[in-house]
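Asks: Contents are mmCIF, C-alpha atoms; file name input13.cif:
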data_query
#
loop_
_atom_site.label_atom_id
_atom_site.label_comp_id
_atom_site.auth_asym_id
_atom_site.auth_seq_id
_atom_site.Cartn_x
_atom_site.Cartn_y
_atom_site.Cartn_z
CA MET A 84 -80.88 -9.50 -142.87
CA THR A 85 -79.95 -12.98 -143.99
CA SER A 86 -76.42 -12.73 -145.28
CA ALA A 87 -76.37 -13.05 -149.05
CA PRO A 88 -74.49 -16.05 -150.43
CA PRO A 89 -70.85 -15.20 -151.09
CA ALA A 90 -69.93 -14.08 -154.61
CA ALA A 91 -68.22 -17.38 -155.42
CA PRO A 92 -69.78 -19.95 -153.10
CA PRO A 93 -67.63 -23.02 -152.59
CA ARG A 94 -69.26 -25.77 -154.63
CA PRO A 95 -68.59 -29.19 -153.14
CA SER A 96 -67.94 -32.04 -155.56
CA LEU A 97 -69.88 -35.32 -155.39
CA LEU A 98 -66.97 -36.98 -153.63
CA GLU A 99 -66.72 -34.14 -151.09
CA LEU A 100 -70.46 -34.42 -150.44
CA PHE A 101 -70.19 -38.15 -149.82
CA ILE A 102 -67.15 -37.86 -147.57
CA THR A 103 -68.62 -34.97 -145.58
CA PHE A 104 -71.92 -36.71 -144.85
CA ALA A 105 -70.18 -40.01 -144.12
CA THR A 106 -67.92 -38.17 -141.64
CA ILE A 107 -70.90 -36.48 -140.01
CA SER A 108 -72.54 -39.85 -139.68
CA PHE A 109 -69.43 -41.62 -138.41
CA TYR A 110 -68.83 -39.09 -135.62
CA GLY A 111 -72.50 -38.72 -134.80
CA PHE A 112 -72.91 -40.51 -131.49
CA GLY A 113 -76.16 -39.47 -129.87
CA GLY A 114 -77.38 -37.58 -132.93
CA VAL A 115 -75.80 -35.93 -135.92
CA LEU A 116 -77.01 -32.33 -135.60
CA ALA A 117 -73.90 -31.14 -133.74
CA TRP A 118 -71.58 -32.68 -136.32
CA SER A 119 -73.58 -31.36 -139.25
CA ARG A 120 -73.27 -27.82 -137.94
CA ARG A 121 -69.59 -28.25 -137.17
CA MET A 122 -68.82 -29.52 -140.69
CA MET A 123 -71.07 -27.14 -142.61
CA VAL A 124 -70.43 -23.94 -140.64
CA GLU A 125 -67.21 -24.23 -138.69
CA GLU A 126 -64.97 -26.46 -140.81
CA ARG A 127 -66.06 -26.18 -144.44
CA ASP A 128 -67.67 -22.70 -144.51
CA TRP A 129 -70.37 -24.05 -146.82
CA LEU A 130 -73.13 -22.29 -144.89
CA THR A 131 -73.28 -19.23 -142.65
CA PRO A 132 -74.75 -19.73 -139.16
CA GLU A 133 -78.00 -18.10 -140.34
CA GLN A 134 -78.21 -20.22 -143.48
CA PHE A 135 -77.63 -23.37 -141.45
CA ASN A 136 -80.39 -22.40 -139.00
CA GLU A 137 -82.90 -21.72 -141.75
CA LEU A 138 -82.14 -24.87 -143.72
CA TYR A 139 -82.19 -27.05 -140.62
CA ALA A 140 -85.43 -25.47 -139.41
CA LEU A 141 -87.09 -26.16 -142.75
CA CYS A 142 -85.91 -29.77 -142.67
CA SER A 143 -87.11 -30.42 -139.15
CA MET A 144 -90.60 -29.20 -140.02
CA LEU A 145 -90.82 -31.54 -143.03
CA PRO A 146 -91.88 -35.15 -142.44
CA GLY A 147 -89.02 -37.63 -142.11
CA GLY A 148 -85.59 -37.51 -140.52
CA ASN A 149 -84.21 -33.98 -140.14
CA ILE A 150 -80.67 -34.66 -141.22
CA ILE A 151 -81.81 -37.02 -143.96
CA ASN A 152 -83.94 -34.22 -145.41
CA PHE A 153 -81.03 -31.86 -144.84
CA SER A 154 -78.64 -34.08 -146.80
CA VAL A 155 -81.12 -34.35 -149.69
CA ILE A 156 -81.73 -30.60 -149.96
CA PHE A 157 -78.10 -29.61 -149.39
CA GLY A 158 -76.77 -32.20 -151.86
CA SER A 159 -79.30 -31.28 -154.54
CA ARG A 160 -78.64 -27.57 -154.16
CA PHE A 161 -75.05 -28.05 -155.31
CA ARG A 162 -75.18 -31.14 -157.51
CA GLY A 163 -78.81 -31.85 -158.39
CA VAL A 164 -80.29 -35.33 -158.00
CA PRO A 165 -76.89 -37.10 -158.01
CA GLY A 166 -75.80 -34.76 -155.20
CA ALA A 167 -78.86 -35.66 -153.15
CA LEU A 168 -78.32 -39.39 -153.68
CA VAL A 169 -74.61 -39.22 -152.85
CA ALA A 170 -75.24 -37.19 -149.68
CA ILE A 171 -77.92 -39.56 -148.39
CA ALA A 172 -75.77 -42.58 -149.25
CA GLY A 173 -72.88 -41.09 -147.28
CA LEU A 174 -75.15 -40.39 -144.35
CA LEU A 175 -76.92 -43.76 -144.20
CA GLY A 176 -74.55 -46.28 -145.77
CA PRO A 177 -71.82 -46.49 -143.12
CA PRO A 178 -74.13 -46.56 -140.05
CA MET A 179 -76.34 -49.19 -141.69
CA ILE A 180 -73.40 -51.51 -142.22
CA LEU A 181 -72.14 -50.77 -138.72
CA ILE A 182 -75.46 -51.32 -136.98
CA LEU A 183 -76.04 -54.62 -138.75
CA ILE A 184 -72.63 -55.79 -137.52
CA ILE A 185 -73.31 -54.52 -133.99
CA GLY A 186 -76.78 -56.07 -134.08
CA ALA A 187 -75.33 -59.43 -135.08
CA ILE A 188 -72.67 -59.27 -132.33
CA TYR A 189 -75.30 -58.21 -129.82
CA SER A 190 -77.59 -61.13 -130.59
CA HIS A 191 -74.62 -63.45 -129.93
CA TYR A 192 -73.37 -61.94 -126.69
CA GLY A 193 -76.43 -60.27 -125.23
CA ASP A 194 -75.62 -57.17 -123.22
CA LEU A 195 -72.02 -56.47 -122.56
CA PRO A 196 -71.74 -54.57 -119.26
CA ALA A 197 -68.49 -52.87 -120.29
CA LEU A 198 -69.99 -51.67 -123.55
CA ARG A 199 -73.05 -50.41 -121.72
CA ARG A 200 -70.92 -48.45 -119.22
CA MET A 201 -68.95 -46.84 -122.02
CA LEU A 202 -72.18 -45.90 -123.70
CA THR A 203 -73.52 -44.25 -120.58
CA GLY A 204 -70.42 -42.06 -120.58
CA ILE A 205 -70.82 -41.23 -124.27
CA ALA A 206 -74.54 -40.52 -123.87
CA SER A 207 -73.84 -37.99 -121.10
CA ALA A 208 -71.28 -36.25 -123.30
CA ALA A 209 -73.64 -36.34 -126.31
CA ALA A 210 -76.31 -34.48 -124.34
CA GLY A 211 -73.71 -31.83 -123.45
CA LEU A 212 -72.56 -31.50 -127.07
CA MET A 213 -76.16 -30.99 -128.14
CA MET A 214 -76.56 -28.22 -125.57
CA ALA A 215 -73.42 -26.48 -126.83
CA THR A 216 -74.72 -26.74 -130.40
CA VAL A 217 -78.13 -25.34 -129.58
CA ALA A 218 -76.44 -22.46 -127.75
CA LYS A 219 -74.37 -21.72 -130.86
CA MET A 220 -77.45 -21.92 -133.08
CA ALA A 221 -79.27 -19.49 -130.81
CA ARG A 222 -76.54 -16.85 -131.06
CA PRO A 223 -77.80 -15.17 -134.28
CA LEU A 224 -81.24 -14.97 -132.66
CA PHE A 225 -79.88 -12.68 -129.99
CA SER A 226 -77.38 -10.66 -131.99
CA ASN A 227 -79.38 -10.03 -135.16
CA SER A 228 -82.72 -9.02 -133.74
CA ARG A 229 -83.29 -5.88 -131.79
CA SER A 230 -86.45 -7.31 -130.27
CA ILE A 231 -86.83 -10.14 -127.81
CA ALA A 232 -89.63 -11.80 -129.80
CA ALA A 233 -87.54 -14.55 -131.42
CA PRO A 234 -85.67 -15.56 -128.25
CA LEU A 235 -89.01 -15.52 -126.41
CA ILE A 236 -90.55 -17.93 -128.94
CA ALA A 237 -87.54 -20.25 -128.65
CA VAL A 238 -87.81 -20.27 -124.86
CA SER A 239 -91.60 -20.83 -125.01
CA THR A 240 -91.15 -23.82 -127.35
CA PHE A 241 -88.53 -25.25 -125.02
CA ALA A 242 -90.74 -24.79 -121.97
CA ALA A 243 -93.85 -26.22 -123.65
CA ILE A 244 -92.12 -29.38 -124.89
CA GLY A 245 -89.17 -29.88 -122.56
CA ILE A 246 -90.76 -28.90 -119.24
CA MET A 247 -94.55 -29.00 -119.60
CA GLN A 248 -94.40 -31.94 -122.06
CA TRP A 249 -97.41 -30.67 -123.97
CA PRO A 250 -98.28 -32.51 -127.22
CA LEU A 251 -95.92 -31.56 -130.04
CA PRO A 252 -98.54 -31.02 -132.82
CA LEU A 253 -100.50 -28.63 -130.61
CA VAL A 254 -97.43 -26.64 -129.61
CA LEU A 255 -96.28 -26.37 -133.22
CA ALA A 256 -99.75 -25.39 -134.44
CA VAL A 257 -99.80 -22.46 -132.01
CA LEU A 258 -96.19 -21.26 -132.05
CA ILE A 259 -95.25 -21.61 -135.74
CA PRO A 260 -97.91 -19.15 -137.01
CA ILE A 261 -96.99 -16.68 -134.27
CA SER A 262 -93.31 -16.98 -135.07
CA ILE A 263 -93.86 -16.54 -138.82
CA ALA A 264 -96.11 -13.53 -138.20
CA VAL A 265 -93.44 -11.96 -135.99
CA ALA A 266 -90.76 -12.57 -138.62
CA TRP A 267 -93.03 -11.09 -141.31
CA VAL A 268 -93.71 -7.90 -139.37
CA ARG A 269 -90.02 -7.40 -138.78
CA LEU A 270 -88.92 -7.87 -142.40
CA MET B 10 -86.89 -64.89 -138.95
CA LYS B 11 -89.56 -64.89 -141.62
CA SER B 12 -88.80 -63.01 -144.80
CA GLY B 13 -91.78 -63.71 -147.04
CA ALA B 14 -92.79 -61.07 -149.55
CA GLY B 15 -95.82 -60.37 -147.37
CA THR B 16 -93.65 -59.48 -144.38
CA LEU B 17 -91.45 -57.18 -146.47
CA LEU B 18 -94.54 -55.48 -147.86
CA THR B 19 -95.92 -54.96 -144.35
CA LEU B 20 -92.57 -53.50 -143.24
CA ALA B 21 -92.43 -51.16 -146.23
CA GLY B 22 -96.03 -50.01 -145.84
CA PHE B 23 -95.70 -49.37 -142.12
CA PHE B 24 -92.48 -47.36 -142.29
CA ALA B 25 -93.60 -45.37 -145.33
CA ILE B 26 -96.69 -44.22 -143.44
CA LEU B 27 -94.78 -43.70 -140.19
CA SER B 28 -92.27 -41.43 -141.96
CA LEU B 29 -95.07 -39.06 -142.99
CA PHE B 30 -95.96 -38.51 -139.34
CA SER B 31 -92.47 -38.00 -137.98
CA VAL B 32 -92.44 -34.23 -137.96
CA GLY B 33 -90.36 -32.22 -135.51
CA GLY B 34 -87.56 -34.67 -135.86
CA GLY B 35 -85.60 -37.12 -133.83
CA ASN B 36 -87.51 -39.58 -131.79
CA SER B 37 -91.05 -38.37 -132.35
CA ALA B 38 -91.90 -41.61 -134.20
CA ILE B 39 -90.57 -43.98 -131.53
CA PRO B 40 -93.80 -44.47 -129.51
CA GLU B 41 -95.80 -45.43 -132.60
CA MET B 42 -93.00 -47.71 -133.81
CA HIS B 43 -93.04 -49.43 -130.43
CA ARG B 44 -96.82 -49.86 -130.47
CA TYR B 45 -96.85 -51.40 -133.93
CA ALA B 46 -93.73 -53.61 -133.74
CA VAL B 47 -94.36 -54.91 -130.22
CA ASP B 48 -98.10 -54.79 -129.56
CA VAL B 49 -99.63 -55.19 -133.02
CA GLN B 50 -97.20 -57.34 -135.05
CA HIS B 51 -95.28 -59.03 -132.20
CA TRP B 52 -92.08 -58.67 -134.21
CA LEU B 53 -90.17 -57.90 -131.01
CA THR B 54 -90.69 -58.24 -127.28
CA ASP B 55 -90.73 -55.17 -125.08
CA ARG B 56 -87.20 -55.86 -123.90
CA GLN B 57 -85.89 -56.48 -127.40
CA PHE B 58 -87.35 -53.16 -128.49
CA ALA B 59 -85.69 -51.33 -125.59
CA ASP B 60 -82.36 -52.96 -126.47
CA THR B 61 -82.83 -52.10 -130.14
CA PHE B 62 -83.43 -48.49 -129.18
CA ALA B 63 -80.31 -48.44 -127.01
CA LEU B 64 -78.21 -49.99 -129.80
CA ALA B 65 -79.45 -47.42 -132.30
CA GLN B 66 -78.62 -44.59 -129.89
CA LEU B 67 -75.10 -45.82 -129.39
CA THR B 68 -74.39 -46.44 -133.06
CA PRO B 69 -72.96 -43.37 -134.75
CA GLY B 70 -75.21 -41.87 -137.40
CA PRO B 71 -78.76 -40.58 -137.48
CA ASN B 72 -80.93 -42.00 -134.68
CA LEU B 73 -83.40 -43.02 -137.36
CA ILE B 74 -81.08 -45.97 -137.98
CA ILE B 75 -83.28 -47.83 -135.45
CA VAL B 76 -85.58 -48.44 -138.43
CA ALA B 77 -82.89 -50.55 -140.11
CA LEU B 78 -82.40 -52.56 -136.94
CA VAL B 79 -86.12 -53.29 -136.56
CA GLY B 80 -86.23 -54.33 -140.22
CA PHE B 81 -83.19 -56.54 -139.65
CA ARG B 82 -84.80 -58.29 -136.69
CA VAL B 83 -87.92 -58.95 -138.74
CA ALA B 84 -86.51 -60.02 -142.10
CA GLY B 85 -82.70 -59.95 -142.11
CA VAL B 86 -80.55 -57.66 -144.25
CA LEU B 87 -83.25 -57.40 -146.91
CA GLY B 88 -85.69 -56.31 -144.20
CA ALA B 89 -83.25 -53.65 -143.02
CA VAL B 90 -82.85 -52.23 -146.51
CA VAL B 91 -86.58 -52.32 -147.29
CA ALA B 92 -87.51 -50.63 -143.98
CA MET B 93 -84.90 -47.90 -144.42
CA LEU B 94 -85.89 -47.20 -148.04
CA ALA B 95 -89.54 -46.95 -147.02
CA MET B 96 -88.69 -44.61 -144.14
CA CYS B 97 -86.44 -42.27 -146.16
CA GLY B 98 -87.60 -42.63 -149.78
CA PRO B 99 -90.97 -40.86 -149.89
CA THR B 100 -90.01 -38.11 -147.43
CA GLY B 101 -86.63 -37.68 -149.12
CA ILE B 102 -88.34 -37.12 -152.47
CA ALA B 103 -90.73 -34.65 -150.83
CA ALA B 104 -87.78 -32.82 -149.26
CA TYR B 105 -86.11 -32.65 -152.68
CA PHE B 106 -89.08 -30.84 -154.21
CA VAL B 107 -89.54 -28.55 -151.22
CA GLY B 108 -85.84 -27.69 -151.50
CA GLN B 109 -86.25 -26.86 -155.20
CA ALA B 110 -89.33 -24.72 -154.51
CA SER B 111 -87.56 -22.98 -151.66
CA GLU B 112 -84.69 -22.00 -153.98
CA ARG B 113 -87.14 -20.69 -156.57
CA PHE B 114 -89.02 -18.44 -154.16
CA LYS B 115 -85.94 -17.16 -152.37
CA GLY B 116 -86.18 -13.39 -151.90
CA LYS B 117 -89.99 -13.30 -151.72
CA THR B 118 -91.22 -11.72 -148.51
CA TRP B 119 -93.40 -14.67 -147.45
CA HIS B 120 -90.52 -17.05 -148.10
CA SER B 121 -88.16 -15.10 -145.85
CA ALA B 122 -90.86 -14.82 -143.17
CA ILE B 123 -91.44 -18.57 -143.14
CA SER B 124 -87.73 -19.49 -143.25
CA ARG B 125 -86.93 -17.08 -140.47
CA GLY B 126 -90.04 -17.84 -138.43
CA LEU B 127 -89.31 -21.58 -138.23
CA VAL B 128 -85.87 -21.01 -136.69
CA PRO B 129 -86.78 -20.00 -133.09
CA VAL B 130 -89.32 -22.85 -132.81
CA THR B 131 -86.77 -25.36 -134.06
CA ILE B 132 -84.12 -24.10 -131.64
CA GLY B 133 -86.58 -24.49 -128.77
CA LEU B 134 -87.33 -28.05 -129.92
CA ILE B 135 -83.66 -29.01 -130.05
CA ALA B 136 -83.09 -27.58 -126.58
CA ALA B 137 -86.05 -29.65 -125.36
CA SER B 138 -84.70 -32.87 -126.85
CA ALA B 139 -81.26 -32.23 -125.36
CA THR B 140 -82.98 -32.09 -121.98
CA VAL B 141 -84.89 -35.29 -122.64
CA ILE B 142 -81.64 -37.09 -123.47
CA ALA B 143 -80.05 -35.66 -120.34
CA THR B 144 -82.84 -36.87 -118.08
CA THR B 145 -83.17 -40.50 -119.18
CA ALA B 146 -82.68 -43.41 -116.84
CA ASP B 147 -79.40 -44.25 -115.06
CA TYR B 148 -78.41 -40.64 -114.99
CA GLY B 149 -76.59 -39.73 -111.78
CA TRP B 150 -74.85 -36.56 -110.67
CA THR B 151 -71.51 -37.67 -112.14
CA ALA B 152 -73.17 -38.02 -115.53
CA GLY B 153 -74.57 -34.54 -115.00
CA ILE B 154 -71.05 -33.22 -114.50
CA VAL B 155 -69.90 -34.90 -117.71
CA THR B 156 -72.83 -33.34 -119.58
CA ALA B 157 -72.17 -29.86 -118.18
CA ALA B 158 -68.41 -30.10 -118.77
CA THR B 159 -68.96 -31.24 -122.37
CA ALA B 160 -71.39 -28.41 -123.01
CA ILE B 161 -68.97 -25.81 -121.67
CA ILE B 162 -65.90 -27.21 -123.44
CA CYS B 163 -67.64 -27.59 -126.80
CA TYR B 164 -69.17 -24.13 -126.64
CA PHE B 165 -66.04 -22.21 -125.73
CA VAL B 166 -63.17 -24.29 -127.11
CA ARG B 167 -62.63 -25.15 -130.77
CA ILE B 168 -61.79 -28.74 -129.95
CA ASN B 169 -62.95 -31.75 -131.97
CA PRO B 170 -65.74 -33.12 -129.74
CA ILE B 171 -64.67 -36.68 -130.50
CA TRP B 172 -61.88 -36.28 -127.90
CA VAL B 173 -64.44 -35.30 -125.29
CA PHE B 174 -66.41 -38.42 -126.22
CA VAL B 175 -63.32 -40.59 -125.85
CA GLY B 176 -62.75 -39.12 -122.39
CA ALA B 177 -66.38 -39.70 -121.45
CA ALA B 178 -66.21 -43.30 -122.70
CA VAL B 179 -63.13 -43.94 -120.58
CA LEU B 180 -64.83 -42.45 -117.50
CA GLY B 181 -67.85 -44.65 -118.20
CA LEU B 182 -65.71 -47.74 -118.62
CA ALA B 183 -63.98 -47.00 -115.32
CA GLY B 184 -67.42 -46.92 -113.69
CA VAL B 185 -67.18 -43.26 -112.72
CA VAL B 186 -70.22 -42.08 -114.66
#
Could you write out this file's structure as structure tokens?

Replies:
Amino acid sequence: MTSAPPAAPPRPSLLELFITFATISFYGFGGVLAWSRRMMVEERDWLTPEQFNELYALCSMLPGGNIINFSVIFGSRFRGVPGALVAIAGLLGPPMILILIIGAIYSHYGDLPALRRMLTGIASAAAGLMMATVAKMARPLFSNSRSIAAPLIAVSTFAAIGIMQWPLPLVLAVLIPISIAVAWVRL
Amino acid sequence: MKSGAGTLLTLAGFFAILSLFSVGGGNSAIPEMHRYAVDVQHWLTDRQFADTFALAQLTPGPNLIIVALVGFRVAGVLGAVVAMLAMCGPTGIAAYFVGQASERFKGKTWHSAISRGLVPVTIGLIAASATVIATTADYGWTAGIVTAATAIICYFVRINPIWVFVGAAVLGLAGVV
């Protein structure tokens, strides 16, 4: 059911990898997931929506930062170890330089009310962008499966963590095996 | 600001271990980071930690960048680099090998079941964290409108979201949000 990779998959160069992950990072106010999906799926056509979902899901279940793991696996898939290093450098280099500058300015001027107000505006928009992204990611779940099992698991996870605020390890320990079993049966 | 080798080693050790426990992404490691940096090591005060968190949120890039800022506060630029390497190095190497293995087993039934099975859970988790972000402090009804409008625009219109962010920043600056 997963769409097979295209006959001649576009193979990003090292420079393209660096620029893409630096761009994702640079735009990524309030999280980089939305921008990763936009770049990978909507702009560059490097991954199909299903491929993006599966790769991102794998990365978020591994220890460490999701997008950092994502950059390592994605970069290495196309360009081996150099690809992984270039992707992670693009993702982390620019924000590290930026945050050290902002941190230095901040420790001089304390909190700037204007900056804080702007950030409140951006934070509200960032939450909305994340909702739009999760809605897009959920689309294949509804269109590709004839059963309601997968959407039901997504909604249960959301309710358990987002509403009930149950402990994450417990929720994952229960729902992941169920979800894998469901996927297995339906293969 | 003390930057002895001992401090750098403590930073590296702490973040390397912390990274192993940050599963499920995003801000799952923040409470433990707060406990260790504020209560155990007294690197930062409570208020400084809250400000550091806010700064990291508003800086573009992965939210994990807070690790660099904590390292910076403790031991300058070297501290920032050491903390970030410790946080991303070991787990990055692990991800590399998992990625390789995943390519090798592609097509096997159990591999497809696992890859596909993780997706709905992850989508539920992302939806939950979007809600958490949307329900943090100083969040009034005008901010709610900005959030809803952004969600609708970005879902239905193929616009570069950065323009929506610019608009939201202007509204915030004007004191509307």

Asks: Set the distance at 10 Å and use only C-alpha atoms: which residues neighbour stretch 66-74 of chain B once local chain neighbours fewer than 3 positions away are removed? I'd like the list as an NGL selection string.

Replies: (:A and (104-116 or 118 or 147-151 or 174-179 or 181-182 or 185-186 or 198-199 or 201-203 or 205-206)) or (:B and (34-36 or 38-39 or 60-63 or 77-79 or 89 or 92-93 or 96-97))

Asks: What residues come out when you apply the PyMOL selection byres ((chain B and resi 109-113) around 12) to this file, written as a compact mmCIF listing (two decimals) with C-alpha atoms, in the coordinates of the input?

Replies:
# COMPACT_ATOMS: atom_id res chain seq x y z
CA GLU A 137 -82.90 -21.72 -141.75
CA LEU A 138 -82.14 -24.87 -143.72
CA LEU A 141 -87.09 -26.16 -142.75
CA CYS A 142 -85.91 -29.77 -142.67
CA VAL A 155 -81.12 -34.35 -149.69
CA ILE A 156 -81.73 -30.60 -149.96
CA PHE A 157 -78.10 -29.61 -149.39
CA GLY A 158 -76.77 -32.20 -151.86
CA SER A 159 -79.30 -31.28 -154.54
CA ARG A 160 -78.64 -27.57 -154.16
CA PHE A 161 -75.05 -28.05 -155.31
CA GLY A 163 -78.81 -31.85 -158.39
CA VAL A 164 -80.29 -35.33 -158.00
CA ALA A 167 -78.86 -35.66 -153.15
CA ILE B 102 -88.34 -37.12 -152.47
CA ALA B 103 -90.73 -34.65 -150.83
CA ALA B 104 -87.78 -32.82 -149.26
CA TYR B 105 -86.11 -32.65 -152.68
CA PHE B 106 -89.08 -30.84 -154.21
CA VAL B 107 -89.54 -28.55 -151.22
CA GLY B 108 -85.84 -27.69 -151.50
CA PHE B 114 -89.02 -18.44 -154.16
CA LYS B 115 -85.94 -17.16 -152.37
CA GLY B 116 -86.18 -13.39 -151.90
CA LYS B 117 -89.99 -13.30 -151.72
CA TRP B 119 -93.40 -14.67 -147.45
CA HIS B 120 -90.52 -17.05 -148.10
CA SER B 121 -88.16 -15.10 -145.85
CA ILE B 123 -91.44 -18.57 -143.14
CA SER B 124 -87.73 -19.49 -143.25

Asks: Any chance you could work out the residue set of the PyMOL selection byres ((chain B and resi 184) around 12) here, as an MDAnalysis selection string?

Replies: (chainID A and resid 196:204) or (chainID B and resid 149 151:152 177:183 185:186)

Asks: Compile the contact shell of B:Arg125 as a PyMOL selection string: residues with an atom at most 12 Å away, counting all atoms listed in the file, same-chain residues fewer than 5 positions apart removed.

Replies: (chain A and resi 84-85+133-141+223-224+227-228+233+259-270) or (chain B and resi 115+118-120+130-132)

Asks: Counting only C-alpha atoms, which residue out of A:Ile184, A:Leu168, A:Ile244, A:Ile102 sits closest to chain B?

Replies: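 Distance minimum relative to chain B lands on A:Ile244.
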